[in-house]
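Enquirer: Have a look at the structure that comes next, please.
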Amino acid sequence: MQADAHADSPPLLDLAVLAALLDGTTAGVGVLDTRLRYLYVNPALERLNGIPAAEHLGRTVSDVLPYVDAREDMMRAVLADGRPREITSSGFTPAASGTVRRYWHGAYHRLEVEGQVVGVAGIVLEVMASDEEQRELERARRHLNLLDSAVTRIGTTLDMDTTCAELVDLVVPALADIATAEVFPPDVAPPVRPAPPGMLRLRRAALAAVPGLREEMAEFGLTGEYIDYQDGAAVQRCLATNQPVVQNLTGDDLLGRSAASPGRGAVYRALGMHSSVIVPVAVRSRPLGVLGLVRAGDSPPFSDEDVVVARELAGRAAVGLDHARRYAHEHTIALELQRSLLSEPRPPHPHIEIATRYLPADRSVMVGGDWFDVIPLRDGRHLKAIGDVMGHGVEAAVAMSHYRSLLRLLADDELPPHRILEHLDRMVERSGLDRAATCLLAVVDRFGGMCEVASAGHLPPVFIDPGAGTRVGDVPAGPPLGTGFGGYATTAVEVGPDTVLFMYTDGLVERRDEDIDVSVRRLEQLTLPVSGSLDDLLDEVLERFGPGAEDDIAVLASRKRTRNRIGEESG
């Protein structure tokens, strides 16, 4: 019964629809408003309480059932934070002798309509029941817990394998003895051998098993391997219909036909498998893969309720997998584009030594627009550049290529670094490129002892003098390129014959828990002997400062080759 004419009934909550949905359910269902007064009571709850539905409406639980510990404090907590709660209560009601204490278990959820909190709904079952009913109640409780846990435990990252692992770890042992998550191979990836004709190929992204079966799982298949499914296998049928395939594998013939290949039937039988469920993992009717559940030994066969829960979990995982696949697709394209554009610069002169590294950030971060270049000038001079286009993804990588191309076009033998930055800033502004970038330029004379440096919002260079220490260059940073403000300056820095010029992007030093100036000053710890290798230096830099990076890292080191080093390399 519903409170159709009740004055305090929220206009946004359609109680008639609730009644149509819930009047026939065997579980007691009650809907209360934000002051915990009954708005709706279905016939099952009316029978449980032994009080007509009309006598509930407009009254609180404690008003209707004064001798029941209804835990209204917990209901208020559900209203306050929106977190569902399971509540066990007990007491005495008119539906039974006043001397018999009764027990109820209820699940309570906050109701919201168009963003407005309108009340709380409770689903209540009496737990003084037969053993079979008690077992069904326990299964229902476990299923509810699984579904609630899925919200926080599945899809915590943008990595497909991690999402699949979260899914199988959730369902074992709660729903299955063995669980596998298998996905279609990515559409942007190194090619693999083709599947045989008539076979369907999936990649096993995750696998979980109860402790007693883990040692035998090597025969079942390993994480990361490709599985080819024969025509008629349960997986093929599941994906063809986008419906779960449930099988009690009672005979060797059925087991062989349902397995990936006929030879695997014996492996499955040796594991004691007797029931399986293959559930499609799909989003918007587009298949991404399958969730496979297996029960073995003394575990009971799968019930209809198990299949419903498995499909719900697969549906929730599909959303995370779709996001992860889209991210992986764009990340791979952007990374390959950036690598193709960011070719290793050649030394501008035989007497100049160059070493570079590019390190993508963690997989959870999109590839960025970091870049470096070395451009030869006349009279043995050369221009070194390093920059970082703001943003991530394919667009940042494309913008990076524009900046790099414009710089090569504008680099002039007669212009100091700050003039090159001014021309580049104006050119970018006129081109309509809407992504700003930082940039650091250094013009080095092969024969002289001076290095001319100019910065457009970039972090300062580091000069490593073997035997004399390491210093961070005092270089004023003008506005980033693409802003049109100009205002750059060239700083002349004295360098020795063995001085190493070290340039880097902010991914190397920028950390959330540390001031950027402190991070940059840590680079003064770098040292390099006269005979040391630039490649070894950069390897050490990335090993010491790379962990924990949240952005891409590009580094460039250069120095003049001395006769001793030239002789060592040629020898």
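Letters A, B, ... go to the chains of the structure tokens in the order shown; residues in each chain start at 1; ligands are counted from 1 in the same order.
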When you look at segment 278-294 of chain A with a cut-off of 6 Å (counting only C-alpha atoms), what residues show up, excluding the ones that are within fewer than 6 positions of it in the same chain? I need them as an mmCIF file with all heavy atoms, in the first residue's frame.
Expert:
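Okay, result_16.cif is ready:
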```
data_model
loop_
_atom_site.group_PDB
_atom_site.id
_atom_site.type_symbol
_atom_site.label_atom_id
_atom_site.label_comp_id
_atom_site.auth_asym_id
_atom_site.auth_seq_id
_atom_site.Cartn_x
_atom_site.Cartn_y
_atom_site.Cartn_z
ATOM 1 N N ALA A 176 33.158 -18.791 -7.536
ATOM 2 C CA ALA A 176 33.721 -19.867 -8.350
ATOM 3 C C ALA A 176 35.009 -20.377 -7.721
ATOM 4 O O ALA A 176 35.638 -19.694 -6.903
ATOM 5 C CB ALA A 176 33.991 -19.374 -9.772
ATOM 6 N N ASP A 177 35.401 -21.591 -8.109
ATOM 7 C CA ASP A 177 36.683 -22.154 -7.689
ATOM 8 C C ASP A 177 37.811 -21.715 -8.610
ATOM 9 O O ASP A 177 38.964 -21.584 -8.189
ATOM 10 C CB ASP A 177 36.614 -23.684 -7.675
ATOM 11 C CG ASP A 177 35.579 -24.199 -6.689
ATOM 12 O OD1 ASP A 177 35.525 -23.653 -5.567
ATOM 13 O OD2 ASP A 177 34.830 -25.125 -7.036
ATOM 14 N N ILE A 178 37.483 -21.497 -9.876
ATOM 15 C CA ILE A 178 38.440 -21.007 -10.865
ATOM 16 C C ILE A 178 37.742 -19.926 -11.672
ATOM 17 O O ILE A 178 36.563 -20.057 -12.017
ATOM 18 C CB ILE A 178 38.910 -22.129 -11.817
ATOM 19 C CG1 ILE A 178 39.564 -23.274 -11.042
ATOM 20 C CG2 ILE A 178 39.881 -21.582 -12.865
ATOM 21 C CD1 ILE A 178 39.860 -24.506 -11.907
ATOM 22 N N ALA A 179 38.443 -18.846 -11.969
ATOM 23 C CA ALA A 179 37.879 -17.786 -12.802
ATOM 24 C C ALA A 179 38.940 -17.298 -13.775
ATOM 25 O O ALA A 179 40.115 -17.159 -13.416
ATOM 26 C CB ALA A 179 37.376 -16.622 -11.951
ATOM 27 N N THR A 180 38.520 -17.065 -15.006
ATOM 28 C CA THR A 180 39.413 -16.500 -16.014
ATOM 29 C C THR A 180 38.728 -15.297 -16.657
ATOM 30 O O THR A 180 37.504 -15.262 -16.782
ATOM 31 C CB THR A 180 39.750 -17.513 -17.126
ATOM 32 O OG1 THR A 180 38.538 -17.879 -17.806
ATOM 33 C CG2 THR A 180 40.403 -18.759 -16.546
ATOM 34 N N ALA A 181 39.528 -14.321 -17.014
ATOM 35 C CA ALA A 181 39.042 -13.183 -17.794
ATOM 36 C C ALA A 181 39.870 -13.127 -19.063
ATOM 37 O O ALA A 181 41.103 -13.025 -19.003
ATOM 38 C CB ALA A 181 39.178 -11.884 -17.001
ATOM 39 N N GLU A 182 39.217 -13.228 -20.211
ATOM 40 C CA GLU A 182 39.900 -13.273 -21.492
ATOM 41 C C GLU A 182 39.340 -12.194 -22.400
ATOM 42 O O GLU A 182 38.124 -11.969 -22.418
ATOM 43 C CB GLU A 182 39.760 -14.658 -22.120
ATOM 44 C CG GLU A 182 40.431 -15.737 -21.271
ATOM 45 C CD GLU A 182 40.122 -17.151 -21.736
ATOM 46 O OE1 GLU A 182 39.329 -17.292 -22.694
ATOM 47 O OE2 GLU A 182 40.653 -18.101 -21.149
ATOM 48 N N VAL A 183 40.219 -11.524 -23.124
ATOM 49 C CA VAL A 183 39.825 -10.384 -23.948
ATOM 50 C C VAL A 183 40.349 -10.580 -25.363
ATOM 51 O O VAL A 183 41.290 -11.339 -25.604
ATOM 52 C CB VAL A 183 40.362 -9.064 -23.362
ATOM 53 C CG1 VAL A 183 39.754 -8.791 -21.998
ATOM 54 C CG2 VAL A 183 41.894 -9.087 -23.267
ATOM 55 N N PHE A 184 39.738 -9.860 -26.297
ATOM 56 C CA PHE A 184 40.236 -9.876 -27.658
ATOM 57 C C PHE A 184 41.586 -9.166 -27.707
ATOM 58 O O PHE A 184 41.817 -8.204 -26.984
ATOM 59 C CB PHE A 184 39.252 -9.179 -28.596
ATOM 60 C CG PHE A 184 38.026 -9.989 -28.892
ATOM 61 C CD1 PHE A 184 36.826 -9.741 -28.239
ATOM 62 C CD2 PHE A 184 38.074 -11.009 -29.830
ATOM 63 C CE1 PHE A 184 35.689 -10.482 -28.516
ATOM 64 C CE2 PHE A 184 36.948 -11.768 -30.116
ATOM 65 C CZ PHE A 184 35.760 -11.510 -29.450
ATOM 66 N N ASN A 242 25.864 -13.415 -27.331
ATOM 67 C CA ASN A 242 25.948 -12.412 -26.268
ATOM 68 C C ASN A 242 25.106 -12.804 -25.058
ATOM 69 O O ASN A 242 24.510 -11.964 -24.383
ATOM 70 C CB ASN A 242 25.520 -11.029 -26.775
ATOM 71 C CG ASN A 242 25.982 -9.903 -25.853
ATOM 72 O OD1 ASN A 242 27.051 -9.982 -25.247
ATOM 73 N ND2 ASN A 242 25.169 -8.861 -25.728
ATOM 74 N N PRO A 244 24.963 -15.736 -21.565
ATOM 75 C CA PRO A 244 25.751 -16.704 -20.786
ATOM 76 C C PRO A 244 25.515 -18.129 -21.267
ATOM 77 O O PRO A 244 24.425 -18.475 -21.729
ATOM 78 C CB PRO A 244 25.224 -16.511 -19.362
ATOM 79 C CG PRO A 244 24.575 -15.163 -19.340
ATOM 80 C CD PRO A 244 24.034 -14.961 -20.721
ATOM 81 N N VAL A 245 26.544 -18.941 -21.170
ATOM 82 C CA VAL A 245 26.446 -20.370 -21.472
ATOM 83 C C VAL A 245 26.735 -21.118 -20.177
ATOM 84 O O VAL A 245 27.829 -21.028 -19.625
ATOM 85 C CB VAL A 245 27.435 -20.793 -22.570
ATOM 86 C CG1 VAL A 245 27.409 -22.304 -22.762
ATOM 87 C CG2 VAL A 245 27.105 -20.086 -23.881
ATOM 88 N N ALA A 314 30.201 -8.914 -14.695
ATOM 89 C CA ALA A 314 30.852 -8.764 -16.000
ATOM 90 C C ALA A 314 30.467 -7.441 -16.654
ATOM 91 O O ALA A 314 31.295 -6.794 -17.298
ATOM 92 C CB ALA A 314 30.474 -9.935 -16.907
ATOM 93 N N ALA A 318 32.969 -4.507 -17.706
ATOM 94 C CA ALA A 318 33.028 -4.101 -19.113
ATOM 95 C C ALA A 318 33.197 -2.600 -19.250
ATOM 96 O O ALA A 318 33.899 -2.123 -20.154
ATOM 97 C CB ALA A 318 31.766 -4.564 -19.847
#
```
Enquirer: Would you mind listing what lies within 9 Å of Gly467 of chain A as a list in words, with only C-alpha atoms counted and same-chain residues fewer than 6 positions away left out?
Expert: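 The contact residues come out as Thr527, Leu528, Pro529 and Val530 of chain A.
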Enquirer: Quick one: everything within 7 Å of segment 235-237 of chain A, counting only C-alpha atoms, minus sequence neighbours fewer than 4 positions away in the same chain. Send it as a PyMOL selection string.
Expert: chain A and resi 200+229+231+241+278
Enquirer: Convert the current residue selection to file output with N, CA, C and O atoms, as a PDB file, in the first residue's frame.
Expert:
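Saved result, part-v3.pdb, follows:
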```pdb
ATOM      1  N   LEU A 200      38.687 -19.168 -32.684  1.00  0.00           N
ATOM      2  CA  LEU A 200      38.539 -17.832 -32.119  1.00  0.00           C
ATOM      3  C   LEU A 200      39.668 -17.604 -31.123  1.00  0.00           C
ATOM      4  O   LEU A 200      39.861 -18.399 -30.204  1.00  0.00           O
ATOM      5  N   TYR A 229      39.983 -21.006 -29.428  1.00  0.00           N
ATOM      6  CA  TYR A 229      38.793 -21.797 -29.106  1.00  0.00           C
ATOM      7  C   TYR A 229      38.214 -22.434 -30.370  1.00  0.00           C
ATOM      8  O   TYR A 229      37.989 -21.753 -31.377  1.00  0.00           O
ATOM      9  N   ASP A 231      35.568 -24.360 -32.916  1.00  0.00           N
ATOM     10  CA  ASP A 231      34.187 -24.114 -33.304  1.00  0.00           C
ATOM     11  C   ASP A 231      33.265 -24.962 -32.435  1.00  0.00           C
ATOM     12  O   ASP A 231      33.463 -26.167 -32.278  1.00  0.00           O
ATOM     13  N   THR A 241      26.068 -15.299 -29.294  1.00  0.00           N
ATOM     14  CA  THR A 241      24.714 -14.945 -28.865  1.00  0.00           C
ATOM     15  C   THR A 241      24.680 -13.794 -27.868  1.00  0.00           C
ATOM     16  O   THR A 241      23.601 -13.282 -27.560  1.00  0.00           O
ATOM     17  N   ILE A 278      30.109 -19.352 -18.796  1.00  0.00           N
ATOM     18  CA  ILE A 278      30.827 -18.396 -19.631  1.00  0.00           C
ATOM     19  C   ILE A 278      29.912 -17.189 -19.824  1.00  0.00           C
ATOM     20  O   ILE A 278      28.794 -17.334 -20.331  1.00  0.00           O
TER      21      ILE A 278
END
```
Enquirer: Taking the backbone alone, and naming residues the way the document does, which bits of segment 151-327 of chain A are strand (DSSP E or B) by DSSP, as number ranges by chain?
Expert: A: 178-183, 200-209, 226-229, 245-248, 273-283, 286-296
Enquirer: Mind checking which residues fall within 6 Å of segment 145-162 of chain A, counting only C-alpha atoms, ignoring those fewer than 3 positions away in the same chain, and posting them as a ChimeraX atom specification?
Expert: /A:142,165-166,205,320-321,324
Enquirer: Write a file of the just-selected residues containing C-alpha atoms, as a PDB file, in the first residue's frame.
Expert:
```
ATOM      1  CA  ARG A 142      26.931 -12.939  -0.372  1.00  0.00           C
ATOM      2  CA  ALA A 165      42.632  -9.317 -12.315  1.00  0.00           C
ATOM      3  CA  GLU A 166      40.347  -7.309 -10.028  1.00  0.00           C
ATOM      4  CA  ALA A 205      44.328 -11.414 -19.167  1.00  0.00           C
ATOM      5  CA  GLY A 320      36.181  -0.243 -16.932  1.00  0.00           C
ATOM      6  CA  LEU A 321      37.628  -2.421 -19.688  1.00  0.00           C
ATOM      7  CA  ALA A 324      41.033   0.988 -20.520  1.00  0.00           C
TER       8      ALA A 324
END
```
Enquirer: At what distance in Å, to one decimal, does atom CA of Thr332 of chain A lie from atom CA of Val398 of chain A?
Expert: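 About the pair atom CA of Val398 of chain A and atom CA of Thr332 of chain A: they are 13.9 Å apart.
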Enquirer: What's the separation between atom CA of Ala53 of chain A and atom CA of Val127 of chain A, in Å to one decimal place?
Expert: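 Atom-to-atom, atom CA of Ala53 of chain A and atom CA of Val127 of chain A are spaced 21.6 Å apart.
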Enquirer: Tell me which protein, DNA and RNA residues are within 6 Å of Val29 of chain A, counting only C-alpha atoms, leaving out same-chain ones fewer than 2 positions away, and put them as a PyMOL selection string.
Expert: chain A and resi 42+45+122-123
Enquirer: Write out as a PyMOL selection string the residues lying within 12 Å of Asp474 of chain A, counting only C-alpha atoms and excluding same-chain residues fewer than 6 positions away.
Expert: chain A and resi 452-455+459-463+489-494+520-521
Enquirer: Let me make sure I understand: among A:His423, A:Arg511, A:His418, A:Arg295, which one has the smallest atom-to-atom distance to Pro476 of chain A if we use only C-alpha atoms?
Expert: A:His418
Enquirer: I'd like to know which of A:Leu508, A:Cys164, A:Val374, A:Val17 is closest to Pro360 of chain A, using only C-alpha atoms.
Expert: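 So, comparing all the options, the nearest one is A:Leu508.
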Enquirer: Go through A:Met217, A:Pro185, A:Leu222, A:Leu79 and flag the residue nearest His329 of chain A, using only C-alpha atoms for the distances.
Expert: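 Residue with the minimum atom-to-atom distance to His329 of chain A: A:Pro185.
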Enquirer: Residues of segment 379-428 of chain A in alpha helix (DSSP H) according to DSSP, as a ChimeraX atom specification?
Expert: /A:394-410,417-428
Enquirer: Which residues are near Leu526 of chain A? Cut-off 10 Å, only C-alpha atoms, ignore same chain within fewer than 4 positions. Put them as an mmCIF file with N, CA and C atoms, in the first residue's frame.
Expert:
```
data_model
loop_
_atom_site.group_PDB
_atom_site.id
_atom_site.type_symbol
_atom_site.label_atom_id
_atom_site.label_comp_id
_atom_site.auth_asym_id
_atom_site.auth_seq_id
_atom_site.Cartn_x
_atom_site.Cartn_y
_atom_site.Cartn_z
ATOM 1 N N VAL A 462 71.650 22.336 -16.242
ATOM 2 C CA VAL A 462 72.623 21.971 -15.217
ATOM 3 C C VAL A 462 73.975 21.797 -15.913
ATOM 4 N N PHE A 463 75.027 22.355 -15.280
ATOM 5 C CA PHE A 463 76.375 22.251 -15.828
ATOM 6 C C PHE A 463 77.211 21.386 -14.890
ATOM 7 N N ILE A 464 77.741 20.296 -15.432
ATOM 8 C CA ILE A 464 78.536 19.352 -14.650
ATOM 9 C C ILE A 464 79.995 19.509 -15.061
ATOM 10 N N ASP A 465 80.823 19.996 -14.116
ATOM 11 C CA ASP A 465 82.246 20.197 -14.367
ATOM 12 C C ASP A 465 83.030 19.121 -13.634
ATOM 13 N N GLY A 469 82.681 20.301 -9.563
ATOM 14 C CA GLY A 469 81.330 20.391 -9.024
ATOM 15 C C GLY A 469 80.273 20.571 -10.088
ATOM 16 N N THR A 470 79.034 20.608 -9.634
ATOM 17 C CA THR A 470 77.868 20.724 -10.510
ATOM 18 C C THR A 470 77.055 21.932 -10.080
ATOM 19 N N ARG A 471 76.554 22.691 -11.034
ATOM 20 C CA ARG A 471 75.786 23.892 -10.707
ATOM 21 C C ARG A 471 74.561 23.992 -11.605
ATOM 22 N N ARG A 522 68.376 19.203 -6.272
ATOM 23 C CA ARG A 522 68.901 17.853 -6.062
ATOM 24 C C ARG A 522 69.758 17.392 -7.233
ATOM 25 N N LEU A 537 75.751 8.353 -17.461
ATOM 26 C CA LEU A 537 75.204 9.460 -16.676
ATOM 27 C C LEU A 537 73.682 9.490 -16.778
ATOM 28 N N GLU A 540 72.013 6.705 -14.910
ATOM 29 C CA GLU A 540 72.004 6.980 -13.472
ATOM 30 C C GLU A 540 70.930 8.009 -13.127
ATOM 31 N N VAL A 541 70.799 9.035 -13.967
ATOM 32 C CA VAL A 541 69.796 10.076 -13.720
ATOM 33 C C VAL A 541 68.397 9.469 -13.676
ATOM 34 N N ARG A 544 67.864 7.290 -10.555
ATOM 35 C CA ARG A 544 67.769 8.015 -9.290
ATOM 36 C C ARG A 544 66.534 8.900 -9.204
#
```
Enquirer: Using only C-alpha atoms, which of the listed residues (A:Ser558, A:Leu377, A:Asp445, A:Ala399) sits closest to Asp412 of chain A?
Expert: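 The closest residue to Asp412 of chain A is A:Leu377.
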Enquirer: Of the residues A:Glu353, A:Glu86, A:Glu126, A:Asp434, which is the one nearest to Asp535 of chain A, using only C-alpha atoms?
Expert: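 Smallest distance to Asp535 of chain A is found for A:Glu353.
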Enquirer: Give me, please, the distance in Å between atom CA of Pro480 of chain A and atom CA of Val509 of chain A, quoted to one decimal.
Expert: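 That distance, rounded to one decimal, is 18.5 Å.
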